[in-house]
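Here the structure is laid out as structure tokens; the discussion comes afterwards.
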Amino acid sequence: MEESRLTSKFQDSFLRLKTYCEKEGFKGWDPYDGLNSKVFQALPFKHWDLARLAWIQGFKRSPINFRNLLLVPKEHNAKGVALFLLGYCKLFKASLKGDETYGSTTSILKHINELTELLLSMKSEGYSGVCWGYNFDWQARRLFLFKKHTPTVVATAFCVEALLESYEITKNETVLKQALTAADFVTNDLSRTPQRSGFLFSYSVKVGNNTVINASLLGAKILSYSYKYNQNEAHLKLAKQAVLAACELQEEDGSWIYGLLPIQSWIDSFHTGFNLDAIETYQKNTGDNSFQDYIKKGMDFYVKHFFEDSGMPKYYHNKTYPIDIHCPAQIIVTCSKLDVFKTYQGLLEKVLNWTIDNMQHKKGYFYYQLKQGLSSKIPYMRWSNAFMFNAMAHYNLETKSI
């Protein structure tokens with residue numbers, strides 16, 4: 001009876017989320033899209049880095065959504081589209097098992113083809129291979145300005161994975177060939193910072209954010225796909241060096257700081273999940289299982305430090321707030337990727353139930369962050385809903401396999 005009740009609750013939640021996202025056409029706002037404001041772009045302050053930074057942070061931190069008032073349009077975000085595509089690929093696999101709760105095989109395949117075409121149309125031009133950025137200008141502290149569509153390895157990695165999942169279903173060789181050229185973007189357009197036995201790939205083509213651990217691992221993840229499909233030995237060698245450098249930076253307790261700049265020394269939940277996902281994907285794509293001990297230590301730290309007994313997810317390992325929607329979403333995906341879903345299913349059920357109860361609006365969308373003061377319940381499409389859509393699609397498929 002209890003299992004049936006939980007299944008019904010999950011299905012209702014996921015269907016409401018799916019309906020909301022499809023009705024919106026997968027377009028929406030983002031925590032960092034403040035500079036898309038037509039009002040701000042008409043002001044002379046747009047040329048001042050401090051003004052840009054303050055404007056972005058004001059939008060990001062405000063629990064009140066001023067985007068309609070200040071003319072910020074709802075748009076597609078490449079990483080968000082990739083997450084939706086990944087989710088539909090999981091729903092397609094579930095439909096082949098007879099589960100048409102979320103649509104027929106034919107209707108899901110239609111979404112896969114449409115999202116694949118949309119994602120390819122959004123790639124950034126002028127680089128060594130396919131790559132993607134975000135649909136907004138972004139001021140990174142006072143260090144540099146990312147212009148919209150400036151490619152990052154993070155956005156690119158999610159897009160590549162989604163396109164390859166799409167290829168495995170559709171067998172569209174054009175999609176495969178385009179996706180794999182992202183390896184050339186990683187090797188030719190990203191800088192490398194030497195680090196002990198290897199190096200770290202830069203976050204983007206811009207100089208200044210070169211030592212973010214999860215970003216470097218996502219570069220290695222892209223290269224591992226090149227080895228899987230093309231047996232490119234040079235890409236395998238580079239990928240292993242990047243994974244080795246990241247693993248050498250893991251703390252003895254299994255944790256990773258975010259990056260090597262002094263202001264990047266925090267330890268958080270979902271970037272830990274990204275790291276584990278990337279290392280495991282490297283191992284599966286290459287057959288090189290020499291990093292398994294790092295994965296085990298990292299996974300032990302992950303589940304012990306970022307979730308309360310109630311299932312409430314934490315952003316940081318050493319404090320509760322803010323409670324960010326990325327955190328419950330990523331633990332589900334990471335457990336699925338590491339083939340430990342069954343091991344941690346009890347935890348995942350509690351996390352998902354807590355999230356549905358506390359972070360989903362009656363209209364179906366999920367909130368951005370809960371805070372001790374005023375929480376931000378703005379329906380961000382990429383940050384909140386695309387991540388939860390992908391996570392719930394993973395959860396659904398995993399429970400169909402049990």
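For the structure tokens, the naming scheme is as follows: chains receive sequential letters (A, B, ...) according to their order of presentation, residues are indexed from 1 within each chain, and ligands are indexed from 1 in presentation order.
Among the residues of region 339-379 of chain A, backbone DSSP assigns strand (DSSP E or B) to Gln360, Phe366, Gln369, Leu370 and Ser376 of chain A.
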Just-selected residues, C-alpha atoms written as an mmCIF file, in the first residue's frame:
data_model
loop_
_atom_site.group_PDB
_atom_site.id
_atom_site.type_symbol
_atom_site.label_atom_id
_atom_site.label_comp_id
_atom_site.auth_asym_id
_atom_site.auth_seq_id
_atom_site.Cartn_x
_atom_site.Cartn_y
_atom_site.Cartn_z
ATOM 1 C CA GLN A 360 7.113 21.933 -5.983
ATOM 2 C CA PHE A 366 10.040 23.403 -8.847
ATOM 3 C CA GLN A 369 16.096 27.791 -3.406
ATOM 4 C CA LEU A 370 14.681 27.671 0.081
ATOM 5 C CA SER A 376 13.206 32.141 -4.063
#
With a distance cut-off of 7 Å and only C-alpha atoms, select the neighbouring residues of region 187-201 of chain A, excluding the residue or stretch itself and same-chain residues fewer than 2 positions from it, and output the selection as an mmCIF file with N, CA and C atoms, in the first residue's frame.
data_model
loop_
_atom_site.group_PDB
_atom_site.id
_atom_site.type_symbol
_atom_site.label_atom_id
_atom_site.label_comp_id
_atom_site.auth_asym_id
_atom_site.auth_seq_id
_atom_site.Cartn_x
_atom_site.Cartn_y
_atom_site.Cartn_z
ATOM 1 N N SER A 128 36.787 25.150 -32.727
ATOM 2 C CA SER A 128 37.364 23.966 -33.373
ATOM 3 C C SER A 128 36.379 22.822 -33.517
ATOM 4 N N ALA A 183 35.211 17.132 -28.920
ATOM 5 C CA ALA A 183 36.544 16.775 -28.411
ATOM 6 C C ALA A 183 37.599 17.733 -28.949
ATOM 7 N N ASP A 184 37.424 18.211 -30.176
ATOM 8 C CA ASP A 184 38.370 19.174 -30.744
ATOM 9 C C ASP A 184 38.253 20.527 -30.057
ATOM 10 N N PHE A 185 37.050 20.881 -29.660
ATOM 11 C CA PHE A 185 36.876 22.105 -28.871
ATOM 12 C C PHE A 185 37.656 21.996 -27.562
ATOM 13 N N TYR A 203 37.535 26.373 -17.637
ATOM 14 C CA TYR A 203 36.074 26.402 -17.641
ATOM 15 C C TYR A 203 35.532 26.832 -19.005
ATOM 16 N N SER A 204 36.230 27.770 -19.615
ATOM 17 C CA SER A 204 35.760 28.302 -20.899
ATOM 18 C C SER A 204 36.950 28.753 -21.735
ATOM 19 N N VAL A 205 36.637 29.390 -22.845
ATOM 20 C CA VAL A 205 37.689 29.921 -23.708
ATOM 21 C C VAL A 205 38.235 31.231 -23.154
ATOM 22 N N ASN A 210 40.307 29.092 -14.638
ATOM 23 C CA ASN A 210 40.990 27.959 -15.259
ATOM 24 C C ASN A 210 41.143 26.734 -14.374
ATOM 25 N N THR A 211 40.741 26.805 -13.109
ATOM 26 C CA THR A 211 41.029 25.698 -12.197
ATOM 27 C C THR A 211 39.797 25.251 -11.417
ATOM 28 N N SER A 216 36.901 20.774 -15.373
ATOM 29 C CA SER A 216 37.978 20.001 -15.986
ATOM 30 C C SER A 216 37.562 18.549 -16.199
ATOM 31 N N GLY A 219 35.483 18.148 -19.180
ATOM 32 C CA GLY A 219 36.308 18.091 -20.384
ATOM 33 C C GLY A 219 36.803 16.680 -20.625
ATOM 34 N N GLN A 241 44.826 12.160 -17.930
ATOM 35 C CA GLN A 241 45.621 13.145 -17.203
ATOM 36 C C GLN A 241 44.719 14.104 -16.416
ATOM 37 N N ALA A 242 43.613 14.507 -17.027
ATOM 38 C CA ALA A 242 42.693 15.423 -16.345
ATOM 39 C C ALA A 242 41.999 14.736 -15.171
ATOM 40 N N LEU A 244 43.216 12.197 -13.469
ATOM 41 C CA LEU A 244 44.249 11.982 -12.462
ATOM 42 C C LEU A 244 44.484 13.240 -11.634
ATOM 43 N N ALA A 245 44.559 14.391 -12.304
ATOM 44 C CA ALA A 245 44.762 15.655 -11.582
ATOM 45 C C ALA A 245 43.611 15.928 -10.622
#
Interatomic distance, CA of Gly87 (chain A) to CA of Glu100 (chain A) (Å, one decimal): 14.3 Å
Could I get the residues of region 7-109 of chain A with an atom no further than 10 Å from an atom of region 385-398 of chain A, each paired with its nearest atom pair and that distance in Å to one decimal, using only C-alpha atoms, sorted by chain and residue number, as JSON lines?
{"residue": "A:Thr7", "atom": "CA", "partner": "A:Asn396", "partner_atom": "CA", "distance": 9.5}
{"residue": "A:Phe10", "atom": "CA", "partner": "A:Met392", "partner_atom": "CA", "distance": 8.5}
{"residue": "A:Gln11", "atom": "CA", "partner": "A:Asn396", "partner_atom": "CA", "distance": 8.7}
{"residue": "A:Ser13", "atom": "CA", "partner": "A:Met392", "partner_atom": "CA", "distance": 9.3}
{"residue": "A:Phe14", "atom": "CA", "partner": "A:Met392", "partner_atom": "CA", "distance": 6.8}
{"residue": "A:Leu15", "atom": "CA", "partner": "A:Phe389", "partner_atom": "CA", "distance": 9.8}
{"residue": "A:Leu17", "atom": "CA", "partner": "A:Phe389", "partner_atom": "CA", "distance": 7.1}
{"residue": "A:Lys18", "atom": "CA", "partner": "A:Phe389", "partner_atom": "CA", "distance": 7.2}
{"residue": "A:Tyr20", "atom": "CA", "partner": "A:Asn385", "partner_atom": "CA", "distance": 9.2}
{"residue": "A:Cys21", "atom": "CA", "partner": "A:Asn385", "partner_atom": "CA", "distance": 7.5}
{"residue": "A:Phe26", "atom": "CA", "partner": "A:Ala386", "partner_atom": "CA", "distance": 8.3}
{"residue": "A:Gly28", "atom": "CA", "partner": "A:Asn385", "partner_atom": "CA", "distance": 9.5}
{"residue": "A:Asn77", "atom": "CA", "partner": "A:Ala386", "partner_atom": "CA", "distance": 9.9}
{"residue": "A:Lys79", "atom": "CA", "partner": "A:Ala386", "partner_atom": "CA", "distance": 8.6}
{"residue": "A:Gly80", "atom": "CA", "partner": "A:Ala386", "partner_atom": "CA", "distance": 5.4}
{"residue": "A:Val81", "atom": "CA", "partner": "A:Ala386", "partner_atom": "CA", "distance": 7.5}
{"residue": "A:Ala82", "atom": "CA", "partner": "A:Ala386", "partner_atom": "CA", "distance": 8.5}
{"residue": "A:Leu83", "atom": "CA", "partner": "A:Ala386", "partner_atom": "CA", "distance": 5.5}
{"residue": "A:Phe84", "atom": "CA", "partner": "A:Ala386", "partner_atom": "CA", "distance": 5.6}
{"residue": "A:Leu85", "atom": "CA", "partner": "A:Asn390", "partner_atom": "CA", "distance": 8.2}
{"residue": "A:Leu86", "atom": "CA", "partner": "A:Asn390", "partner_atom": "CA", "distance": 6.2}
{"residue": "A:Gly87", "atom": "CA", "partner": "A:Asn390", "partner_atom": "CA", "distance": 4.2}
{"residue": "A:Tyr88", "atom": "CA", "partner": "A:Ala393", "partner_atom": "CA", "distance": 7.3}
{"residue": "A:Cys89", "atom": "CA", "partner": "A:Ala393", "partner_atom": "CA", "distance": 8.5}
{"residue": "A:Lys90", "atom": "CA", "partner": "A:Ala393", "partner_atom": "CA", "distance": 5.7}
{"residue": "A:Leu91", "atom": "CA", "partner": "A:Ala393", "partner_atom": "CA", "distance": 6.0}
{"residue": "A:Phe92", "atom": "CA", "partner": "A:Leu397", "partner_atom": "CA", "distance": 9.3}
{"residue": "A:Lys93", "atom": "CA", "partner": "A:Leu397", "partner_atom": "CA", "distance": 7.3}
{"residue": "A:Ala94", "atom": "CA", "partner": "A:Leu397", "partner_atom": "CA", "distance": 5.4}
{"residue": "A:Ser95", "atom": "CA", "partner": "A:Leu397", "partner_atom": "CA", "distance": 9.1}
{"residue": "A:Lys97", "atom": "CA", "partner": "A:Leu397", "partner_atom": "CA", "distance": 9.1}
{"residue": "A:Asp99", "atom": "CA", "partner": "A:Leu397", "partner_atom": "CA", "distance": 9.1}
{"residue": "A:Tyr102", "atom": "CA", "partner": "A:Ala393", "partner_atom": "CA", "distance": 9.6}
Write out the residues from the selection above, keeping N, CA and C atoms, as a short mmCIF file (atom, residue, chain, number, x, y, z; two decimals), in the first residue's frame.
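Final file, part_18.cif:
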data_model
loop_
_atom_site.label_atom_id
_atom_site.label_comp_id
_atom_site.auth_asym_id
_atom_site.auth_seq_id
_atom_site.Cartn_x
_atom_site.Cartn_y
_atom_site.Cartn_z
N THR A 7 4.33 5.69 -5.42
CA THR A 7 4.36 5.66 -6.89
C THR A 7 3.36 6.66 -7.46
N PHE A 10 4.65 10.21 -6.97
CA PHE A 10 5.72 10.51 -7.93
C PHE A 10 5.15 10.76 -9.32
N GLN A 11 4.26 9.90 -9.76
CA GLN A 11 3.69 10.04 -11.10
C GLN A 11 2.93 11.35 -11.24
N SER A 13 3.43 14.10 -9.54
CA SER A 13 4.42 15.18 -9.53
C SER A 13 5.11 15.32 -10.88
N PHE A 14 5.57 14.20 -11.42
CA PHE A 14 6.32 14.22 -12.68
C PHE A 14 5.41 14.66 -13.83
N LEU A 15 4.18 14.19 -13.84
CA LEU A 15 3.26 14.58 -14.91
C LEU A 15 2.97 16.08 -14.86
N LEU A 17 5.01 18.37 -13.67
CA LEU A 17 6.24 19.03 -14.14
C LEU A 17 6.35 18.95 -15.66
N LYS A 18 6.12 17.78 -16.21
CA LYS A 18 6.21 17.56 -17.66
C LYS A 18 5.22 18.46 -18.40
N TYR A 20 3.88 21.27 -17.37
CA TYR A 20 4.32 22.67 -17.26
C TYR A 20 5.43 22.99 -18.26
N CYS A 21 6.44 22.14 -18.33
CA CYS A 21 7.60 22.41 -19.20
C CYS A 21 7.21 22.37 -20.67
N PHE A 26 9.65 24.66 -23.17
CA PHE A 26 11.00 24.49 -22.62
C PHE A 26 11.77 25.81 -22.54
N GLY A 28 12.30 29.60 -20.63
CA GLY A 28 12.08 30.16 -19.32
C GLY A 28 13.16 31.12 -18.90
N ASN A 77 17.65 27.76 -23.13
CA ASN A 77 19.02 27.69 -22.65
C ASN A 77 19.58 26.34 -23.08
N LYS A 79 21.95 24.30 -22.09
CA LYS A 79 22.10 23.26 -21.06
C LYS A 79 20.74 22.75 -20.62
N GLY A 80 19.77 23.65 -20.51
CA GLY A 80 18.42 23.24 -20.16
C GLY A 80 17.82 22.33 -21.21
N VAL A 81 17.98 22.68 -22.48
CA VAL A 81 17.48 21.85 -23.58
C VAL A 81 18.13 20.47 -23.53
N ALA A 82 19.44 20.44 -23.24
CA ALA A 82 20.16 19.17 -23.15
C ALA A 82 19.59 18.30 -22.03
N LEU A 83 19.29 18.89 -20.90
CA LEU A 83 18.73 18.14 -19.78
C LEU A 83 17.35 17.59 -20.11
N PHE A 84 16.54 18.37 -20.79
CA PHE A 84 15.24 17.85 -21.23
C PHE A 84 15.43 16.70 -22.21
N LEU A 85 16.37 16.84 -23.13
CA LEU A 85 16.63 15.77 -24.10
C LEU A 85 17.08 14.50 -23.39
N LEU A 86 17.97 14.65 -22.41
CA LEU A 86 18.39 13.48 -21.63
C LEU A 86 17.20 12.82 -20.95
N GLY A 87 16.33 13.64 -20.39
CA GLY A 87 15.15 13.10 -19.71
C GLY A 87 14.24 12.34 -20.66
N TYR A 88 13.99 12.90 -21.84
CA TYR A 88 13.12 12.21 -22.81
C TYR A 88 13.75 10.92 -23.30
N CYS A 89 15.07 10.88 -23.39
CA CYS A 89 15.73 9.62 -23.77
C CYS A 89 15.47 8.55 -22.72
N LYS A 90 15.47 8.92 -21.43
CA LYS A 90 15.15 7.96 -20.37
C LYS A 90 13.68 7.55 -20.45
N LEU A 91 12.81 8.49 -20.74
CA LEU A 91 11.39 8.15 -20.88
C LEU A 91 11.15 7.22 -22.06
N PHE A 92 11.92 7.42 -23.12
CA PHE A 92 11.81 6.53 -24.29
C PHE A 92 12.17 5.10 -23.88
N LYS A 93 13.25 4.94 -23.14
CA LYS A 93 13.66 3.60 -22.71
C LYS A 93 12.62 2.98 -21.79
N ALA A 94 12.01 3.80 -20.94
CA ALA A 94 10.95 3.28 -20.08
C ALA A 94 9.73 2.86 -20.91
N SER A 95 9.45 3.60 -21.98
CA SER A 95 8.29 3.26 -22.82
C SER A 95 8.51 1.91 -23.52
N LYS A 97 9.79 -0.52 -22.16
CA LYS A 97 9.49 -1.51 -21.13
C LYS A 97 7.99 -1.58 -20.86
N ASP A 99 6.03 1.20 -20.22
CA ASP A 99 5.55 2.32 -19.40
C ASP A 99 5.23 3.51 -20.30
N TYR A 102 4.01 8.58 -19.29
CA TYR A 102 4.46 9.93 -19.66
C TYR A 102 4.45 10.14 -21.17
#
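Using only C-alpha atoms, the residues found no farther than 7 Å from region 270-279 of chain A, other than those of its own chain fewer than 6 positions away, are Asn214, Leu217, Leu218, Lys221, Val243, Trp256, Ile295, Gly298, Tyr302, His326, Cys327, Gln330, Ile331, Thr334, Lys337 and Leu338 of chain A.
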Contacts of region 224-236 of chain A at 9 Å or less, counting only C-alpha atoms, minus same-chain residues fewer than 3 places along, as a PDB file with N, CA, C and O atoms, in the first residue's frame?
ATOM      1  N   VAL A 160      26.723  17.407 -25.283  1.00  0.00           N
ATOM      2  CA  VAL A 160      27.309  16.243 -25.949  1.00  0.00           C
ATOM      3  C   VAL A 160      26.676  14.954 -25.434  1.00  0.00           C
ATOM      4  O   VAL A 160      26.293  14.073 -26.216  1.00  0.00           O
ATOM      5  N   GLU A 161      26.557  14.825 -24.129  1.00  0.00           N
ATOM      6  CA  GLU A 161      25.954  13.619 -23.566  1.00  0.00           C
ATOM      7  C   GLU A 161      24.527  13.435 -24.070  1.00  0.00           C
ATOM      8  O   GLU A 161      24.120  12.322 -24.447  1.00  0.00           O
ATOM      9  N   LEU A 164      24.495  12.313 -27.739  1.00  0.00           N
ATOM     10  CA  LEU A 164      24.909  10.917 -27.890  1.00  0.00           C
ATOM     11  C   LEU A 164      23.817   9.965 -27.412  1.00  0.00           C
ATOM     12  O   LEU A 164      23.625   8.886 -27.991  1.00  0.00           O
ATOM     13  N   LEU A 176      25.758  12.012 -34.333  1.00  0.00           N
ATOM     14  CA  LEU A 176      26.964  11.423 -33.738  1.00  0.00           C
ATOM     15  C   LEU A 176      28.218  12.166 -34.177  1.00  0.00           C
ATOM     16  O   LEU A 176      29.055  12.544 -33.343  1.00  0.00           O
ATOM     17  N   LEU A 180      30.703  14.452 -31.596  1.00  0.00           N
ATOM     18  CA  LEU A 180      32.071  14.030 -31.289  1.00  0.00           C
ATOM     19  C   LEU A 180      33.117  15.079 -31.641  1.00  0.00           C
ATOM     20  O   LEU A 180      34.244  15.022 -31.139  1.00  0.00           O
ATOM     21  N   THR A 181      32.766  16.062 -32.465  1.00  0.00           N
ATOM     22  CA  THR A 181      33.737  17.131 -32.751  1.00  0.00           C
ATOM     23  C   THR A 181      33.963  18.021 -31.530  1.00  0.00           C
ATOM     24  O   THR A 181      34.912  18.805 -31.502  1.00  0.00           O
ATOM     25  N   ALA A 182      33.122  17.879 -30.503  1.00  0.00           N
ATOM     26  CA  ALA A 182      33.335  18.648 -29.275  1.00  0.00           C
ATOM     27  C   ALA A 182      34.691  18.326 -28.653  1.00  0.00           C
ATOM     28  O   ALA A 182      35.258  19.148 -27.926  1.00  0.00           O
ATOM     29  N   ALA A 183      35.211  17.132 -28.920  1.00  0.00           N
ATOM     30  CA  ALA A 183      36.544  16.775 -28.411  1.00  0.00           C
ATOM     31  C   ALA A 183      37.599  17.733 -28.949  1.00  0.00           C
ATOM     32  O   ALA A 183      38.568  18.062 -28.247  1.00  0.00           O
ATOM     33  N   THR A 187      40.263  20.050 -26.807  1.00  0.00           N
ATOM     34  CA  THR A 187      41.719  19.955 -26.957  1.00  0.00           C
ATOM     35  C   THR A 187      42.338  21.214 -27.551  1.00  0.00           C
ATOM     36  O   THR A 187      43.479  21.555 -27.225  1.00  0.00           O
ATOM     37  N   GLY A 219      35.483  18.148 -19.180  1.00  0.00           N
ATOM     38  CA  GLY A 219      36.308  18.091 -20.384  1.00  0.00           C
ATOM     39  C   GLY A 219      36.803  16.680 -20.625  1.00  0.00           C
ATOM     40  O   GLY A 219      36.784  16.169 -21.767  1.00  0.00           O
ATOM     41  N   ALA A 220      37.264  16.021 -19.557  1.00  0.00           N
ATOM     42  CA  ALA A 220      37.704  14.629 -19.675  1.00  0.00           C
ATOM     43  C   ALA A 220      36.552  13.721 -20.091  1.00  0.00           C
ATOM     44  O   ALA A 220      36.742  12.771 -20.874  1.00  0.00           O
ATOM     45  N   LYS A 221      35.371  14.017 -19.603  1.00  0.00           N
ATOM     46  CA  LYS A 221      34.189  13.226 -19.960  1.00  0.00           C
ATOM     47  C   LYS A 221      33.921  13.303 -21.465  1.00  0.00           C
ATOM     48  O   LYS A 221      33.663  12.279 -22.115  1.00  0.00           O
ATOM     49  N   ALA A 239      42.378  12.728 -21.448  1.00  0.00           N
ATOM     50  CA  ALA A 239      41.293  12.536 -20.489  1.00  0.00           C
ATOM     51  C   ALA A 239      41.822  11.943 -19.188  1.00  0.00           C
ATOM     52  O   ALA A 239      41.462  12.391 -18.089  1.00  0.00           O
ATOM     53  N   LYS A 240      42.694  10.958 -19.297  1.00  0.00           N
ATOM     54  CA  LYS A 240      43.229  10.317 -18.089  1.00  0.00           C
ATOM     55  C   LYS A 240      44.058  11.297 -17.267  1.00  0.00           C
ATOM     56  O   LYS A 240      43.992  11.286 -16.026  1.00  0.00           O
ATOM     57  N   GLN A 241      44.826  12.160 -17.930  1.00  0.00           N
ATOM     58  CA  GLN A 241      45.621  13.145 -17.203  1.00  0.00           C
ATOM     59  C   GLN A 241      44.719  14.104 -16.416  1.00  0.00           C
ATOM     60  O   GLN A 241      45.035  14.483 -15.283  1.00  0.00           O
ATOM     61  N   THR A 281      31.821   8.029 -15.821  1.00  0.00           N
ATOM     62  CA  THR A 281      31.612   7.993 -17.267  1.00  0.00           C
ATOM     63  C   THR A 281      32.927   7.736 -17.992  1.00  0.00           C
ATOM     64  O   THR A 281      32.987   6.954 -18.951  1.00  0.00           O
ATOM     65  N   TYR A 282      34.000   8.387 -17.536  1.00  0.00           N
ATOM     66  CA  TYR A 282      35.333   8.121 -18.105  1.00  0.00           C
ATOM     67  C   TYR A 282      35.659   6.633 -17.992  1.00  0.00           C
ATOM     68  O   TYR A 282      36.112   6.008 -18.960  1.00  0.00           O
ATOM     69  N   GLN A 283      35.435   6.040 -16.825  1.00  0.00           N
ATOM     70  CA  GLN A 283      35.772   4.629 -16.640  1.00  0.00           C
ATOM     71  C   GLN A 283      34.950   3.724 -17.558  1.00  0.00           C
ATOM     72  O   GLN A 283      35.478   2.804 -18.186  1.00  0.00           O
ATOM     73  N   LYS A 284      33.655   3.994 -17.645  1.00  0.00           N
ATOM     74  CA  LYS A 284      32.793   3.160 -18.484  1.00  0.00           C
ATOM     75  C   LYS A 284      33.135   3.302 -19.961  1.00  0.00           C
ATOM     76  O   LYS A 284      33.089   2.329 -20.723  1.00  0.00           O
ATOM     77  N   ASN A 285      33.484   4.521 -20.379  1.00  0.00           N
ATOM     78  CA  ASN A 285      33.770   4.746 -21.800  1.00  0.00           C
ATOM     79  C   ASN A 285      35.120   4.187 -22.226  1.00  0.00           C
ATOM     80  O   ASN A 285      35.324   3.875 -23.402  1.00  0.00           O
ATOM     81  N   THR A 286      36.034   4.088 -21.285  1.00  0.00           N
ATOM     82  CA  THR A 286      37.404   3.699 -21.646  1.00  0.00           C
ATOM     83  C   THR A 286      37.805   2.322 -21.157  1.00  0.00           C
ATOM     84  O   THR A 286      38.789   1.755 -21.641  1.00  0.00           O
TER      85      THR A 286
END
Computed interatomic separation between CA of Ala51 (chain A) and CA of Asp137 (chain A) (Å): 13.0 Å
Spatial neighbours of Leu347 (chain A), max dist 9 Å, only C-alpha atoms, sep filter under 3 positions, as number ranges by chain: A: 303, 307, 309, 311, 343-344, 350-352
Restricting the output to all heavy atoms, write the selected residues as an mmCIF file, in the first residue's frame.
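The result, written out as again-v8.cif:
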data_model
loop_
_atom_site.group_PDB
_atom_site.id
_atom_site.type_symbol
_atom_site.label_atom_id
_atom_site.label_comp_id
_atom_site.auth_asym_id
_atom_site.auth_seq_id
_atom_site.Cartn_x
_atom_site.Cartn_y
_atom_site.Cartn_z
ATOM 1 N N VAL A 303 26.950 11.031 0.289
ATOM 2 C CA VAL A 303 25.689 10.629 0.924
ATOM 3 C C VAL A 303 25.687 10.911 2.426
ATOM 4 O O VAL A 303 24.620 11.059 3.034
ATOM 5 C CB VAL A 303 25.371 9.140 0.653
ATOM 6 C CG1 VAL A 303 25.185 8.897 -0.832
ATOM 7 C CG2 VAL A 303 26.453 8.223 1.218
ATOM 8 N N PHE A 307 22.763 15.309 3.126
ATOM 9 C CA PHE A 307 21.344 14.978 3.229
ATOM 10 C C PHE A 307 20.988 14.693 4.684
ATOM 11 O O PHE A 307 21.666 13.928 5.362
ATOM 12 C CB PHE A 307 21.000 13.769 2.348
ATOM 13 C CG PHE A 307 21.399 13.975 0.920
ATOM 14 C CD1 PHE A 307 22.633 13.527 0.466
ATOM 15 C CD2 PHE A 307 20.572 14.665 0.045
ATOM 16 C CE1 PHE A 307 23.026 13.740 -0.848
ATOM 17 C CE2 PHE A 307 20.958 14.896 -1.265
ATOM 18 C CZ PHE A 307 22.189 14.434 -1.712
ATOM 19 N N ASP A 309 18.349 13.296 7.761
ATOM 20 C CA ASP A 309 17.584 12.056 7.910
ATOM 21 C C ASP A 309 16.191 12.160 7.295
ATOM 22 O O ASP A 309 15.625 11.168 6.829
ATOM 23 C CB ASP A 309 17.467 11.689 9.390
ATOM 24 C CG ASP A 309 18.792 11.261 9.990
ATOM 25 O OD1 ASP A 309 19.710 10.899 9.218
ATOM 26 O OD2 ASP A 309 18.930 11.309 11.232
ATOM 27 N N GLY A 311 15.496 13.528 4.563
ATOM 28 C CA GLY A 311 15.599 13.608 3.113
ATOM 29 C C GLY A 311 15.885 15.016 2.631
ATOM 30 O O GLY A 311 16.086 15.232 1.433
ATOM 31 N N THR A 343 21.343 0.530 -4.042
ATOM 32 C CA THR A 343 22.033 0.659 -2.762
ATOM 33 C C THR A 343 21.469 1.818 -1.943
ATOM 34 O O THR A 343 21.298 1.720 -0.726
ATOM 35 C CB THR A 343 23.537 0.869 -2.985
ATOM 36 O OG1 THR A 343 24.050 -0.217 -3.749
ATOM 37 C CG2 THR A 343 24.290 0.983 -1.672
ATOM 38 N N TYR A 344 21.188 2.917 -2.629
ATOM 39 C CA TYR A 344 20.754 4.132 -1.937
ATOM 40 C C TYR A 344 19.286 4.465 -2.200
ATOM 41 O O TYR A 344 18.872 5.600 -2.002
ATOM 42 C CB TYR A 344 21.641 5.307 -2.356
ATOM 43 C CG TYR A 344 23.082 5.132 -1.952
ATOM 44 C CD1 TYR A 344 24.066 4.849 -2.892
ATOM 45 C CD2 TYR A 344 23.465 5.219 -0.612
ATOM 46 C CE1 TYR A 344 25.399 4.680 -2.523
ATOM 47 C CE2 TYR A 344 24.787 5.049 -0.227
ATOM 48 C CZ TYR A 344 25.746 4.772 -1.187
ATOM 49 O OH TYR A 344 27.051 4.599 -0.808
ATOM 50 N N LYS A 350 13.436 9.204 0.133
ATOM 51 C CA LYS A 350 13.213 10.254 1.135
ATOM 52 C C LYS A 350 13.530 11.631 0.566
ATOM 53 O O LYS A 350 12.786 12.598 0.793
ATOM 54 C CB LYS A 350 14.076 9.984 2.373
ATOM 55 C CG LYS A 350 13.610 8.823 3.222
ATOM 56 C CD LYS A 350 14.224 8.835 4.605
ATOM 57 C CE LYS A 350 15.725 8.640 4.572
ATOM 58 N NZ LYS A 350 16.295 8.583 5.947
ATOM 59 N N VAL A 351 14.636 11.727 -0.181
ATOM 60 C CA VAL A 351 15.023 13.015 -0.775
ATOM 61 C C VAL A 351 13.963 13.483 -1.763
ATOM 62 O O VAL A 351 13.551 14.654 -1.752
ATOM 63 C CB VAL A 351 16.399 12.901 -1.458
ATOM 64 C CG1 VAL A 351 16.699 14.154 -2.279
ATOM 65 C CG2 VAL A 351 17.500 12.680 -0.427
ATOM 66 N N LEU A 352 13.515 12.586 -2.616
ATOM 67 C CA LEU A 352 12.528 12.960 -3.626
ATOM 68 C C LEU A 352 11.200 13.338 -2.990
ATOM 69 O O LEU A 352 10.574 14.337 -3.386
ATOM 70 C CB LEU A 352 12.350 11.810 -4.621
ATOM 71 C CG LEU A 352 11.462 12.084 -5.840
ATOM 72 C CD1 LEU A 352 11.936 13.313 -6.612
ATOM 73 C CD2 LEU A 352 11.440 10.868 -6.761
#
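Of the residues listed (A:Pro73, A:Gly287, A:Pro262, A:Gly58), A:Pro73 shows the shortest atom-to-atom separation from Lys27 (chain A); distances use only C-alpha atoms.
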For Glu114 (chain A): contacts at 12 Å, only C-alpha atoms, fewer than 2 positions along chain excluded, given as JSON, numbers by chain: {"A": [25, 26, 81, 82, 84, 85, 88, 107, 108, 109, 110, 111, 112, 116, 117, 118, 119, 120, 121, 163, 166, 170]}
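We find CA of Leu348 (chain A) and CA of Ala329 (chain A) to be spaced 9.7 Å apart.
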In region 26-107 of chain A, DSSP helix (DSSP H, G or I) residues written as number ranges by chain: A: 34-36, 38-41, 44-47, 49-61, 78-96, 105-107
